file run32.pdb (PDB, C-alpha atoms)
ATOM      1  CA  MET A 889      19.982  88.147  63.742
ATOM      2  CA  PRO A 890      19.411  88.981  67.416
ATOM      3  CA  HIS A 891      17.336  91.187  69.630
ATOM      4  CA  ILE A 892      19.108  93.427  72.113
ATOM      5  CA  LYS A 893      17.813  95.065  75.283
ATOM      6  CA  VAL A 894      17.584  98.828  74.811
ATOM      7  CA  SER A 895      15.946 100.769  77.619
ATOM      8  CA  ASP A 896      12.499  99.178  78.109
ATOM      9  CA  ILE A 897      12.335  97.196  74.847
ATOM     10  CA  GLU A 898      14.051  94.413  72.918
ATOM     11  CA  ILE A 899      15.124  95.896  69.581
ATOM     12  CA  TYR A 900      15.504  93.611  66.576
ATOM     13  CA  TYR A 901      18.498  94.505  64.418
ATOM     14  CA  GLU A 902      20.627  93.143  61.610
ATOM     15  CA  ILE A 903      24.252  93.836  60.718
ATOM     16  CA  HIS A 904      25.728  92.876  57.360
ATOM     17  CA  GLY A 905      29.125  93.538  55.838
ATOM     18  CA  GLN A 906      32.190  95.310  57.171
ATOM     19  CA  GLY A 907      33.624  98.805  57.035
ATOM     20  CA  GLN A 908      32.199 102.256  57.731
ATOM     21  CA  PRO A 909      28.829 101.816  59.523
ATOM     22  CA  LEU A 910      25.794 102.756  57.407
ATOM     23  CA  VAL A 911      22.542 102.788  59.386
ATOM     24  CA  PHE A 912      19.150 102.592  57.636
ATOM     25  CA  ILE A 913      15.974 103.710  59.464
ATOM     26  CA  HIS A 914      12.653 102.607  57.990
ATOM     27  CA  GLY A 915       9.372 104.469  57.565
ATOM     28  CA  ALA A 916       6.218 104.354  59.671
ATOM     29  CA  PHE A 917       4.095 101.183  59.886
ATOM     30  CA  VAL A 918       6.554  98.986  57.963
ATOM     31  CA  SER A 919       9.862  97.454  59.092
ATOM     32  CA  SER A 920      13.547  97.150  58.309
ATOM     33  CA  THR A 921      12.687  94.612  55.594
ATOM     34  CA  MET A 922      12.096  97.584  53.284
ATOM     35  CA  TRP A 923      15.880  98.062  53.105
ATOM     36  CA  ARG A 924      16.711  94.724  51.478
ATOM     37  CA  PRO A 925      17.698  96.326  48.111
ATOM     38  CA  GLN A 926      20.101  98.632  49.966
ATOM     39  CA  ILE A 927      21.608  95.917  52.180
ATOM     40  CA  ASP A 928      22.336  93.747  49.140
ATOM     41  CA  PHE A 929      24.090  96.664  47.458
ATOM     42  CA  PHE A 930      25.942  98.458  50.260
ATOM     43  CA  ALA A 931      27.012  95.515  52.458
ATOM     44  CA  LYS A 932      29.734  94.843  49.891
ATOM     45  CA  ASN A 933      31.574  97.981  51.049
ATOM     46  CA  PHE A 934      29.966  99.062  54.326
ATOM     47  CA  GLN A 935      28.802  97.649  57.630
ATOM     48  CA  THR A 936      25.055  98.019  57.087
ATOM     49  CA  VAL A 937      22.852  98.262  60.168
ATOM     50  CA  THR A 938      19.066  97.990  60.112
ATOM     51  CA  TYR A 939      16.615  97.723  62.983
ATOM     52  CA  ASP A 940      12.888  97.745  63.682
ATOM     53  CA  ILE A 941      11.727 100.949  65.345
ATOM     54  CA  ARG A 942       9.848 100.710  68.632
ATOM     55  CA  GLY A 943       6.323  99.409  67.961
ATOM     56  CA  HIS A 944       7.264  97.994  64.543
ATOM     57  CA  GLY A 945       8.214  94.630  63.091
ATOM     58  CA  LYS A 946      10.105  92.178  65.277
ATOM     59  CA  THR A 947      10.820  94.826  67.918
ATOM     60  CA  GLY A 948       7.113  95.058  68.535
ATOM     61  CA  LEU A 949       5.226  96.142  71.618
ATOM     62  CA  SER A 950       6.151  98.690  74.240
ATOM     63  CA  SER A 951       4.378  99.446  77.507
ATOM     64  CA  LEU A 952       4.685 103.220  77.078
ATOM     65  CA  LYS A 953       1.388 105.012  76.491
ATOM     66  CA  LYS A 954       2.784 107.609  74.105
ATOM     67  CA  TYR A 955       5.531 107.714  71.477
ATOM     68  CA  SER A 956       7.467 110.647  70.044
ATOM     69  CA  ILE A 957      10.159 111.215  67.438
ATOM     70  CA  GLU A 958      12.465 112.204  70.303
ATOM     71  CA  LEU A 959      11.872 108.805  71.933
ATOM     72  CA  TYR A 960      12.717 107.008  68.694
ATOM     73  CA  ALA A 961      15.915 109.089  68.387
ATOM     74  CA  ASP A 962      16.939 108.161  71.924
ATOM     75  CA  ASP A 963      16.296 104.494  71.109
ATOM     76  CA  LEU A 964      18.677 104.849  68.158
ATOM     77  CA  TYR A 965      21.329 106.518  70.329
ATOM     78  CA  ASN A 966      21.108 103.772  72.944
ATOM     79  CA  LEU A 967      21.196 101.033  70.287
ATOM     80  CA  LEU A 968      24.350 102.463  68.715
ATOM     81  CA  GLU A 969      25.965 102.828  72.143
ATOM     82  CA  ILE A 970      25.264  99.212  73.073
ATOM     83  CA  LEU A 971      26.458  97.927  69.696
ATOM     84  CA  ASN A 972      29.551 100.155  69.947
ATOM     85  CA  ILE A 973      28.852 101.725  66.554
ATOM     86  CA  ASN A 974      30.665 105.051  66.320
ATOM     87  CA  ARG A 975      29.935 107.937  63.940
ATOM     88  CA  PRO A 976      27.882 106.073  61.336
ATOM     89  CA  ILE A 977      26.377 107.406  58.150
ATOM     90  CA  ILE A 978      22.643 107.529  58.822
ATOM     91  CA  CYS A 979      19.944 107.131  56.162
ATOM     92  CA  GLY A 980      16.296 107.575  57.134
ATOM     93  CA  LEU A 981      13.179 107.508  54.977
ATOM     94  CA  SER A 982       9.888 109.223  55.912
ATOM     95  CA  LEU A 983       9.503 108.621  59.676
ATOM     96  CA  GLY A 984      13.099 107.407  59.570
ATOM     97  CA  GLY A 985      14.099 110.785  58.153
ATOM     98  CA  MET A 986      12.346 112.562  61.001
ATOM     99  CA  ILE A 987      14.179 110.372  63.515
ATOM    100  CA  THR A 988      17.444 111.140  61.735
ATOM    101  CA  GLN A 989      16.847 114.882  61.998
ATOM    102  CA  VAL A 990      16.093 114.743  65.725
ATOM    103  CA  PHE A 991      19.066 112.454  66.339
ATOM    104  CA  ALA A 992      21.313 114.745  64.295
ATOM    105  CA  THR A 993      20.444 117.880  66.256
ATOM    106  CA  LYS A 994      20.429 116.166  69.662
ATOM    107  CA  TYR A 995      23.638 114.182  69.175
ATOM    108  CA  PRO A 996      25.737 116.232  66.720
ATOM    109  CA  GLU A 997      28.978 114.344  67.438
ATOM    110  CA  ARG A 998      27.518 110.874  66.874
ATOM    111  CA  TYR A 999      27.399 110.638  63.054
ATOM    112  CA  THR A1000      29.517 111.418  60.032
ATOM    113  CA  ALA A1001      26.976 111.973  57.206
ATOM    114  CA  LEU A1002      23.200 112.075  56.745
ATOM    115  CA  ILE A1003      20.780 110.931  54.054
ATOM    116  CA  LEU A1004      17.196 112.180  54.384
ATOM    117  CA  ALA A1005      14.742 110.508  52.025
ATOM    118  CA  ASP A1006      11.103 111.361  51.297
ATOM    119  CA  THR A1007      10.736 113.090  54.624
ATOM    120  CA  ALA A1008       9.362 116.279  56.130
ATOM    121  CA  ALA A1009      11.185 119.069  57.952
ATOM    122  CA  THR A1010       8.174 119.568  60.209
ATOM    123  CA  ILE A1011       4.528 118.530  60.271
ATOM    124  CA  THR A1012       3.459 122.085  59.346
ATOM    125  CA  LEU A1013       5.596 124.018  56.879
ATOM    126  CA  THR A1014       3.492 124.765  53.802
ATOM    127  CA  ARG A1015      -0.117 125.863  53.388
ATOM    128  CA  TRP A1016      -0.960 122.340  52.209
ATOM    129  CA  ASP A1017       0.574 120.915  55.386
ATOM    130  CA  TYR A1018      -1.718 123.094  57.479
ATOM    131  CA  ILE A1019      -4.754 122.057  55.449
ATOM    132  CA  MET A1020      -3.928 118.378  55.944
ATOM    133  CA  ARG A1021      -2.976 118.834  59.609
ATOM    134  CA  TYR A1022      -5.948 120.894  60.760
ATOM    135  CA  LEU A1023      -8.751 120.470  58.179
ATOM    136  CA  VAL A1024      -8.545 117.227  56.182
ATOM    137  CA  GLY A1025      -6.944 114.974  58.776
ATOM    138  CA  PRO A1026      -6.648 116.534  62.222
ATOM    139  CA  LYS A1027      -4.984 114.322  64.794
ATOM    140  CA  TRP A1028      -8.062 113.868  66.976
ATOM    141  CA  LEU A1029     -10.239 112.846  64.024
ATOM    142  CA  MET A1030      -7.735 110.394  62.564
ATOM    143  CA  LEU A1031      -7.106 108.720  65.926
ATOM    144  CA  LEU A1032     -10.837 108.545  66.645
ATOM    145  CA  SER A1033     -11.465 107.016  63.222
ATOM    146  CA  LEU A1034      -8.760 104.436  63.824
ATOM    147  CA  ARG A1035     -10.267 103.499  67.171
ATOM    148  CA  MET A1036     -13.789 103.312  65.765
ATOM    149  CA  ILE A1037     -13.293 101.409  62.511
ATOM    150  CA  GLY A1038     -10.209  99.353  63.352
ATOM    151  CA  VAL A1039      -6.822  98.987  61.702
ATOM    152  CA  LYS A1040      -7.922  97.048  58.606
ATOM    153  CA  ARG A1041     -10.564  99.540  57.508
ATOM    154  CA  PHE A1042      -8.391 102.480  58.496
ATOM    155  CA  ILE A1043      -5.598 101.196  56.257
ATOM    156  CA  ARG A1044      -7.968 100.993  53.295
ATOM    157  CA  PHE A1045      -9.154 104.521  54.079
ATOM    158  CA  SER A1046      -5.564 105.786  54.396
ATOM    159  CA  PHE A1047      -4.560 104.478  50.974
ATOM    160  CA  TRP A1048      -7.695 105.987  49.422
ATOM    161  CA  LEU A1049      -6.957 109.323  51.109
ATOM    162  CA  ALA A1050      -3.331 109.233  49.946
ATOM    163  CA  LYS A1051      -4.366 108.659  46.340
ATOM    164  CA  PHE A1052      -6.975 111.432  46.590
ATOM    165  CA  THR A1053      -4.785 114.060  48.300
ATOM    166  CA  ARG A1054      -1.464 113.139  46.676
ATOM    167  CA  SER A1055      -1.517 110.736  43.714
ATOM    168  CA  LYS A1056      -1.579 107.097  42.672
ATOM    169  CA  GLU A1057       2.108 107.433  41.767
ATOM    170  CA  TRP A1058       2.905 108.679  45.294
ATOM    171  CA  VAL A1059       1.451 105.483  46.756
ATOM    172  CA  GLY A1060       3.503 103.221  44.488
ATOM    173  CA  ASN A1061       2.901 100.116  42.427
ATOM    174  CA  GLU A1062       0.814  97.094  43.403
ATOM    175  CA  GLU A1063       3.785  95.213  44.826
ATOM    176  CA  ILE A1064       4.697  98.131  47.098
ATOM    177  CA  VAL A1065       1.093  98.560  48.261
ATOM    178  CA  LYS A1066       0.793  94.838  49.000
ATOM    179  CA  TYR A1067       3.979  94.926  51.068
ATOM    180  CA  GLU A1068       2.910  98.015  53.016
ATOM    181  CA  LYS A1069      -0.561  96.693  53.754
ATOM    182  CA  SER A1070       0.869  93.393  54.971
ATOM    183  CA  GLU A1071       3.267  95.216  57.297
ATOM    184  CA  MET A1072       0.547  97.527  58.599
ATOM    185  CA  LEU A1073      -1.869  94.681  59.308
ATOM    186  CA  SER A1074       0.771  92.988  61.455
ATOM    187  CA  LEU A1075       0.828  95.919  63.894
ATOM    188  CA  ASP A1076      -0.981  95.875  67.202
ATOM    189  CA  LYS A1077      -3.826  98.428  67.249
ATOM    190  CA  LYS A1078      -2.461 100.219  70.324
ATOM    191  CA  GLU A1079       0.960 100.467  68.711
ATOM    192  CA  TYR A1080      -0.592 101.783  65.506
ATOM    193  CA  LEU A1081      -2.277 104.560  67.502
ATOM    194  CA  LYS A1082       0.944 105.528  69.284
ATOM    195  CA  ILE A1083       2.999 105.517  66.083
ATOM    196  CA  PHE A1084       0.384 107.520  64.204
ATOM    197  CA  GLY A1085       0.172 110.030  67.028
ATOM    198  CA  SER A1086       3.941 110.559  67.107
ATOM    199  CA  LEU A1087       3.964 111.765  63.508
ATOM    200  CA  TYR A1088       1.678 114.700  64.302
ATOM    201  CA  ASP A1089       4.032 116.215  66.879
ATOM    202  CA  PHE A1090       7.164 116.507  64.739
ATOM    203  CA  LYS A1091       8.625 120.019  64.795
ATOM    204  CA  LEU A1092      11.349 121.795  62.846
ATOM    205  CA  GLN A1093      14.769 120.964  64.272
ATOM    206  CA  GLU A1094      17.854 123.165  64.634
ATOM    207  CA  LEU A1095      19.292 121.763  61.436
ATOM    208  CA  SER A1096      21.943 124.477  61.300
ATOM    209  CA  ARG A1097      23.723 122.345  63.928
ATOM    210  CA  VAL A1098      24.370 119.711  61.261
ATOM    211  CA  LYS A1099      27.947 120.192  60.078
ATOM    212  CA  VAL A1100      28.405 117.004  58.045
ATOM    213  CA  PRO A1101      27.665 116.209  54.369
ATOM    214  CA  THR A1102      23.938 115.653  53.888
ATOM    215  CA  LEU A1103      21.932 114.280  50.983
ATOM    216  CA  VAL A1104      18.190 114.847  50.551
ATOM    217  CA  LEU A1105      16.429 112.369  48.260
ATOM    218  CA  ASN A1106      12.840 112.474  47.006
ATOM    219  CA  GLY A1107      10.931 110.392  44.513
ATOM    220  CA  GLU A1108       9.802 112.486  41.569
ATOM    221  CA  HIS A1109       6.181 111.688  42.433
ATOM    222  CA  GLU A1110       6.499 112.809  46.052
ATOM    223  CA  ALA A1111       3.873 115.179  47.459
ATOM    224  CA  LYS A1112       4.529 118.675  46.077
ATOM    225  CA  SER A1113       4.875 120.104  49.574
ATOM    226  CA  ILE A1114       7.783 117.765  50.336
ATOM    227  CA  PHE A1115       9.915 119.524  47.734
ATOM    228  CA  LYS A1116       9.413 122.713  49.780
ATOM    229  CA  HIS A1117      10.578 120.767  52.814
ATOM    230  CA  ALA A1118      13.683 119.710  50.882
ATOM    231  CA  GLU A1119      14.400 123.378  50.091
ATOM    232  CA  THR A1120      14.050 124.266  53.774
ATOM    233  CA  ILE A1121      16.398 121.489  54.844
ATOM    234  CA  LYS A1122      18.952 122.563  52.225
ATOM    235  CA  SER A1123      18.739 126.189  53.380
ATOM    236  CA  LEU A1124      19.489 125.195  56.979
ATOM    237  CA  ILE A1125      22.271 122.606  56.502
ATOM    238  CA  PRO A1126      25.487 124.176  55.130
ATOM    239  CA  ASP A1127      26.711 121.130  53.168
ATOM    240  CA  CYS A1128      23.552 119.696  51.632
ATOM    241  CA  ASP A1129      22.761 118.190  48.215
ATOM    242  CA  VAL A1130      19.251 117.524  46.905
ATOM    243  CA  GLU A1131      18.523 114.820  44.340
ATOM    244  CA  ILE A1132      15.424 113.363  42.659
ATOM    245  CA  ILE A1133      14.742 109.653  42.157
ATOM    246  CA  LYS A1134      12.971 109.159  38.828
ATOM    247  CA  ASN A1135       9.981 106.849  38.453
ATOM    248  CA  ALA A1136       9.408 106.723  42.204
ATOM    249  CA  GLY A1137       6.955 108.009  44.760
ATOM    250  CA  HIS A1138       7.134 107.999  48.551
ATOM    251  CA  THR A1139       8.971 104.681  48.960
ATOM    252  CA  SER A1140      11.671 105.650  46.492
ATOM    253  CA  ASN A1141      14.212 103.128  47.806
ATOM    254  CA  MET A1142      11.920 100.226  46.867
ATOM    255  CA  GLU A1143      10.365 101.666  43.717
ATOM    256  CA  ASN A1144      13.632 102.503  41.980
ATOM    257  CA  PRO A1145      16.395 100.875  44.047
ATOM    258  CA  GLU A1146      18.985 101.064  41.262
ATOM    259  CA  GLU A1147      18.848 104.845  41.018
ATOM    260  CA  TYR A1148      18.366 105.247  44.773
ATOM    261  CA  ASN A1149      21.506 103.225  45.469
ATOM    262  CA  LYS A1150      23.461 105.041  42.775
ATOM    263  CA  LYS A1151      22.547 108.476  44.167
ATOM    264  CA  ILE A1152      23.726 107.433  47.620
ATOM    265  CA  ALA A1153      26.874 105.766  46.266
ATOM    266  CA  ASP A1154      27.756 108.898  44.276
ATOM    267  CA  PHE A1155      27.218 111.037  47.377
ATOM    268  CA  LEU A1156      29.416 108.756  49.488
ATOM    269  CA  LYS A1157      32.145 108.680  46.846
ATOM    270  CA  LYS A1158      32.036 112.478  46.559
ATOM    271  CA  ASN A1159      32.641 112.716  50.303
ATOM    272  CA  ASN A1160      35.386 110.059  50.358
ATOM    273  CA  PHE A1161      33.489 107.320  52.188
ATOM    274  CA  TYR A1162      34.350 104.704  49.574
TER     275      TYR A1162
END
call {"tool": "encode", "arguments": {"input": "run32.pdb", "output": "structure tokens"}}
result
Amino acid sequence: MPHIKVSDIEIYYEIHGQGQPLVFIHGAFVSSTMWRPQIDFFAKNFQTVTYDIRGHGKTGLSSLKKYSIELYADDLYNLLEILNINRPIICGLSLGGMITQVFATKYPERYTALILADTAATITLTRWDYIMRYLVGPKWLMLLSLRMIGVKRFIRFSFWLAKFTRSKEWVGNEEIVKYEKSEMLSLDKKEYLKIFGSLYDFKLQELSRVKVPTLVLNGEHEAKSIFKHAETIKSLIPDCDVEIIKNAGHTSNMENPEEYNKKIADFLKKNNFY
């Protein structure tokens, strides 16, 4: 599949199948390859669209010195414009869910349904969020650590910290960890810093502007605070369902793809997209 010029970068994307467009946006530090179980399932009935976010995967480097969720959302808007993809269903996981929320509030006429998976409503919502944001892992300390010890050691530290502050189940099984580490190690250090920094600046969006059917999905082993985020999202979006993916942590689409796909399919059938 090709690259396409979008603003200042060449975005790698893939399109499979025909029908109503269904766009999948991957999480931080990995790539669109994480969506393979969903492409195989949904391309039978939908036009599935995946792409590598700025700084990630085959899209790769950018000359900008700083990234933001707003920048990623604008990249998505420009990509859809160039590809002439109108009013897609958008599914984002983790960072992808943040991008989806910003896109949804900034471009409310440009989509027809949303799926927000294992994602936050803002970087600071619960007391635990504040502890992680300002005490355990403040932005300045995490970026300094990354610069000082390098990407490889920082990745090992990050997985240890995730297991300590969340759980082993949140991280996922050995196969998932191997995949994530491989993807992370492929990133340029400067890109890693910019991506990591963008996560810390995510703020609560005007989600009441979302007037389309929305589904919030979380693995049952997600961080406890994320379930509070799901409640907040549901309280702000008028037509919003919340579902749990059993036997899954943060990367619920890969850990239990059968149930993940079924939850989305049921949601789409309920809202007459099939």
call {"tool": "resolve_selection", "arguments": {"input": "run32.pdb", "expression": "the PyMOL selection byres ((chain A and resi 1031) around 10)", "output": "list in words"}}
result
Gly1025, Pro1026, Lys1027, Trp1028, Leu1029, Met1030, Leu1032, Ser1033, Leu1034, Arg1035, Met1036, Phe1042, Tyr1080, Leu1081, Lys1082, Phe1084 and Gly1085 of chain A
call {"tool": "closest_residue", "arguments": {"input": "run32.pdb", "among": "A:Ile1083, A:Ile899, A:Val1098, A:Leu1156", "to": "Ile970 of chain A", "atoms": "all atoms listed in the file"}}
result
A:Ile899
call {"tool": "resolve_selection", "arguments": {"input": "run32.pdb", "expression": "the PyMOL selection byres ((chain A and resi 949) around 9)", "output": "JSON, numbers by chain"}}
result
{"A": [897, 942, 943, 944, 946, 947, 948, 950, 951, 952, 1075, 1076, 1078, 1079]}
call {"tool": "closest_atom_pairs", "arguments": {"input": "run32.pdb", "of": "segment 970-1047 of chain A", "to": "segment 1110-1118 of chain A", "cutoff": "12 Å", "atoms": "all atoms listed in the file", "output": "CSV"}}
result
residue,atom,partner,partner_atom,distance
A:Ser982,CA,A:Ile1114,CA,10.4
A:Gly985,CA,A:Ala1118,CA,11.5
A:Met986,CA,A:His1117,CA,11.7
A:Ile1003,CA,A:Ala1118,CA,11.7
A:Leu1004,CA,A:Ala1118,CA,9.0
A:Ala1005,CA,A:Ala1118,CA,9.3
A:Asp1006,CA,A:Glu1110,CA,7.1
A:Thr1007,CA,A:Ile1114,CA,7.0
A:Ala1008,CA,A:His1117,CA,5.7
A:Ala1009,CA,A:His1117,CA,5.4
A:Thr1010,CA,A:His1117,CA,7.9
A:Ile1011,CA,A:His1117,CA,9.9
A:Thr1012,CA,A:His1117,CA,9.8
A:Leu1013,CA,A:His1117,CA,7.2
A:Thr1014,CA,A:Ser1113,CA,6.4
A:Arg1015,CA,A:Ser1113,CA,8.5
A:Trp1016,CA,A:Ser1113,CA,6.8
A:Asp1017,CA,A:Ser1113,CA,7.3
A:Tyr1018,CA,A:Ser1113,CA,10.7
A:Ile1019,CA,A:Ser1113,CA,11.4
A:Met1020,CA,A:Ser1113,CA,11.0
call {"tool": "resolve_selection", "arguments": {"input": "run32.pdb", "expression": "the PyMOL selection byres ((chain A and resi 1094) around 12)", "output": "list in words"}}
result
Gln989, Val990, Phe991, Ala992, Thr993, Lys994, Tyr995, Pro996, Ala1009, Thr1010, Lys1091, Leu1092, Gln1093, Leu1095, Ser1096, Arg1097, Val1098, Lys1099, Thr1120, Ile1121, Ser1123, Leu1124 and Ile1125 of chain A
call {"tool": "closest_residue", "arguments": {"input": "run32.pdb", "among": "A:Lys1051, A:Thr1000, A:Gln926, A:Asn1061", "to": "Pro1101 of chain A", "atoms": "all atoms listed in the file"}}
result
A:Thr1000
call {"tool": "atom_distance", "arguments": {"input": "run32.pdb", "atom1": "atom CA of Ile892 of chain A", "atom2": "atom CA of Leu967 of chain A"}}
result
8.1 Å
